[in-house]
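The structure appears right after this line, and notes come after that.
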Amino acid sequence: MPRRGLILHTRTHWLLLGLALLCSLVLFMYLLECAPQTDGNASLPGVVGENYGKEYYQALLQEQEEHYQTRATSLKRQIAQLKQELQEMSEKMRSLQERRNVGANGIGYQSNKEQAPSDLLEFLHSQIDKAEVSIGAKLPSEYGVIPFESFTLMKVFQLEMGLTRHPEEKPVRKDKRDELVEVIEAGLEVINNPDEDDEQEDEEGPLGEKLIFNENDFVEGYYRTERDKGTQYELFFKKADLTEYRHVTLFRPFGPLMKVKSEMIDITRSIINIIVPLAERTEAFVQFMQNFRDVCIHQDKKIHLTVVYFGKEGLSKVKSILESVTSESNFHNYTLVSLNEEFNRGRGLNVGARAWDKGEVLMFFCDVDIYFSAEFLNSCRLNAEPGSQKGFWLLARFWLWNDLSVSFRFPDHW
C-alpha cells in the first residue's frame with residue numbers, strides 16, 4: 001500500500017511538470033507571434049515580390065538630387081546666355097535705330113555689311129539649313145571632305161597631327177576642354193529632357209523611375225568645323241546595364257561677322273634694332289651685309305644694326321666690312337660690341353639688347369644666316385605692340401611659312 005501511493009505521487013509530479021512545460025512553450029510561441037517585425041529588409045508598400053534595403057533608396061535619392069542640381073545649373077547657364085543674347089539684340093536694335101535717325105537727318109548711311117538678317121535666330125537657323133549636316137554636299141574629290149576629330153571625356157584625337165606625332169592631345173587645351181564639356185552637357189540635356197518631336201521613348205529603371213544619364217555614360221564623340229557655317233558634333237551615350245546607345249547630333253552655327261575695332265597704324269616712326277650675335281663667320285657676315293644694304297639701307301631706311309662679336313679673331317675684318325658699308329652708303333646707325341669670350345647666342349642677344357639706350361625701339365633678334373625682305377620688316381612693325389611680346393609668335397609663324405619674305409642659308413659645313 002505505501003508503494004502504490006508512492007507511484008501515484010510520482011506520476012502526479014511528472015504530469016504537473018509536463019503541463020508547466022507545455023504552458024511555457026505556448027506562451028513563448030505567443031510572444032513570438034505578437035512581437036513587432038523589424039523593417040530592415042521589409043518590403044515597402046506598393047512593391048510586391050522584391051525587397052530593397054535602406055541603402056538602395058538613399059543612393060536613389062542622392063542620384064535624383066544630383067540630377068536636379070545638374071538641371072538647375074544648366075538652367076542658370078541658359079538664363080545667363082539668354083540675358084546676354086537679349087542685351088546684344090537690344091544694343092543692335094538701338095544701333096539700327098540710331099543709324100535710321102542719322103539717315104533721316106540727311107547724312108545718309110550705306111554699308112554692305114548690313115547683309116545679316118535682322119532676326120539673329122533666323123540667321124542661325126539658316127546656317128544650320130545650309131550646313132552639310134542637313135543637306136549634304138557634292139565634293140569634287142575625297143580631298144574636299146572635312147574630317148571628323150574624335151574625343152572622350154579625357155582625350156582628344158586630332159588627325160592634323162598626322163603620323164609624325166602621337167594624335168592624342170593630353171592634356172587638352174582649356175578652351176577646347178570647356179567647349180567639349182559644354183557640348184556633352186548640352187547632349188545630356190537633350191537626352192534627359194527630350195522635346196515632344198524627339199524620336200525616343202522614356203526608359204525606366206528597375207523601380208519604374210525615369211532613367212537619368214550623366215557624364216559617366218558618355219562613350220565618345222566626333223566633331224568637325226565648316227569654316228563658314230559652324231561646328232557639327234556627334235555624341236554617343238550608353239548605360240552600363242543597357243544594350244542600346246543614345247545618339248545626339250548638335251550644331252553650333254557661326255554668327256555673322258561683327259566689327260571689333262578699326263584703327264590706323266603709323267609705322268613711319270617705328271625703328272627696328274636688328275641684333276646679330278657673331279663669332280668668326282666673316283664670309284656669312286659679308287652676305288648678310290649685302291642683303292642688309294639692299295633692304296634696310298636702300299629701301300626701309302628705319303633700321304639700326306647691333307653686332308655683338310665674340311673673340312678677337314676676325315674682329316678687324318668685321319670692322320672693315322661695317323666701315324666699308326658706312327663709306328659707300330653713308331650709313332652710321334650701327335653699334336659694334338666686342339666680347340672677349342666664347343660664343344653664346346643668348347649672352348650676345350642680351351648684351352645687344354642692353355646696348356640700346358635711345359628710347360623705344362622694336363628689337364629683332366636675328367642670325368647671320370637669315371635673309372629677309374622689306375615686307376617682312378613692315379610685318380614686324382604691324383604685329384608688335386610696345387611693351388608686349390604679342391608679335392613674337394606671329395612673326396615665328398611668318399618666318400616658317402612665308403618663304404617669300406624669309407629664307408635660311410646654312411653654311412656648307414653644317
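Identifiers in the C-alpha cells: chain A, B, ... in order shown; residue index from 1 per chain; ligand index from 1 in order shown.
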Find the residues near Phe213 in chain A: any atom within 7 Å, counting only C-alpha atoms, skip ones fewer than 2 places away on the same chain, and give them as a short mmCIF file (atom, residue, chain, number, x, y, z; two decimals) with N, CA, C and O atoms, in the first residue's frame.
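The result, written out as out09.cif:
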data_model
loop_
_atom_site.label_atom_id
_atom_site.label_comp_id
_atom_site.auth_asym_id
_atom_site.auth_seq_id
_atom_site.Cartn_x
_atom_site.Cartn_y
_atom_site.Cartn_z
N LEU A 188 23.47 65.79 -72.77
CA LEU A 188 22.74 65.21 -71.64
C LEU A 188 21.40 65.90 -71.44
O LEU A 188 20.40 65.26 -71.08
N ASN A 192 17.97 63.79 -71.32
CA ASN A 192 17.22 63.72 -70.07
C ASN A 192 15.93 64.55 -70.10
O ASN A 192 15.01 64.28 -69.33
N LEU A 211 14.84 57.12 -66.23
CA LEU A 211 16.26 56.82 -66.40
C LEU A 211 17.01 58.11 -66.69
O LEU A 211 16.69 58.83 -67.65
N ASP A 217 28.17 58.31 -68.52
CA ASP A 217 27.57 57.47 -69.56
C ASP A 217 28.01 57.90 -70.96
O ASP A 217 27.60 57.28 -71.94
#
Let me make sure I understand: among A:Ile271, A:Ala279, A:Ala80, A:Val325, which one has the smallest atom-to-atom distance to Phe292 in chain A if we use only C-alpha atoms?
A:Val325
Determine the nearest neighbour of Leu257 in chain A from the options A:Asp228, A:Asn378, A:Pro147, A:Arg281, counting only C-alpha atoms.
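Going through A:Asp228, A:Asn378, A:Pro147, A:Arg281 one by one, the smallest distance to Leu257 in chain A is for A:Asp228.
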As a list in words, please: the residues near Ser150 in chain A (cut-off 8 Å, only C-alpha atoms, same-chain neighbours under 3 positions excluded).
Val156, Phe157, Gln158, Glu220, Gly221, Tyr222 and Tyr223 of chain A
Using the chain letters and numbers from this document, which residues of range 238-364 of chain A does DSSP assign to helix (DSSP H, G or I), as an MDAnalysis selection string?
chainID A and resid 282:300 315:329 345:354
Just-selected residues, C-alpha atoms written as a short mmCIF file (atom, residue, chain, number, x, y, z; two decimals), in the first residue's frame:
data_model
loop_
_atom_site.label_atom_id
_atom_site.label_comp_id
_atom_site.auth_asym_id
_atom_site.auth_seq_id
_atom_site.Cartn_x
_atom_site.Cartn_y
_atom_site.Cartn_z
CA THR A 282 83.03 86.69 -91.58
CA GLU A 283 82.10 85.27 -95.02
CA ALA A 284 78.49 84.74 -93.91
CA PHE A 285 78.56 88.26 -92.45
CA VAL A 286 79.58 89.66 -95.87
CA GLN A 287 76.47 88.06 -97.46
CA PHE A 288 74.31 89.27 -94.58
CA MET A 289 75.52 92.85 -95.03
CA GLN A 290 74.83 92.69 -98.77
CA ASN A 291 71.20 91.87 -98.05
CA PHE A 292 71.17 94.44 -95.24
CA ARG A 293 72.41 97.13 -97.61
CA ASP A 294 69.79 96.34 -100.29
CA VAL A 295 66.80 96.03 -97.94
CA CYS A 296 67.46 98.09 -94.83
CA ILE A 297 69.59 100.97 -96.12
CA HIS A 298 68.23 101.48 -99.63
CA GLN A 299 64.54 100.54 -99.05
CA ASP A 300 63.44 100.64 -95.42
CA LEU A 315 87.10 91.21 -85.42
CA SER A 316 89.19 93.51 -87.62
CA LYS A 317 87.52 92.15 -90.78
CA VAL A 318 84.05 92.77 -89.33
CA LYS A 319 85.04 96.34 -88.52
CA SER A 320 86.33 96.87 -92.07
CA ILE A 321 83.05 95.50 -93.52
CA LEU A 322 80.99 97.92 -91.42
CA GLU A 323 83.27 100.83 -92.29
CA SER A 324 83.01 99.95 -95.99
CA VAL A 325 79.21 100.00 -95.81
CA THR A 326 79.38 103.33 -93.97
CA SER A 327 81.55 104.94 -96.62
CA GLU A 328 79.55 103.57 -99.56
CA SER A 329 76.02 104.19 -98.25
CA ARG A 345 73.94 83.30 -78.56
CA GLY A 346 71.75 84.07 -75.55
CA ARG A 347 74.52 86.12 -73.97
CA GLY A 348 75.01 88.02 -77.23
CA LEU A 349 71.32 88.86 -77.61
CA ASN A 350 71.15 90.06 -74.00
CA VAL A 351 74.20 92.29 -74.38
CA GLY A 352 72.92 93.65 -77.68
CA ALA A 353 69.52 94.49 -76.21
CA ARG A 354 71.08 96.29 -73.25
#
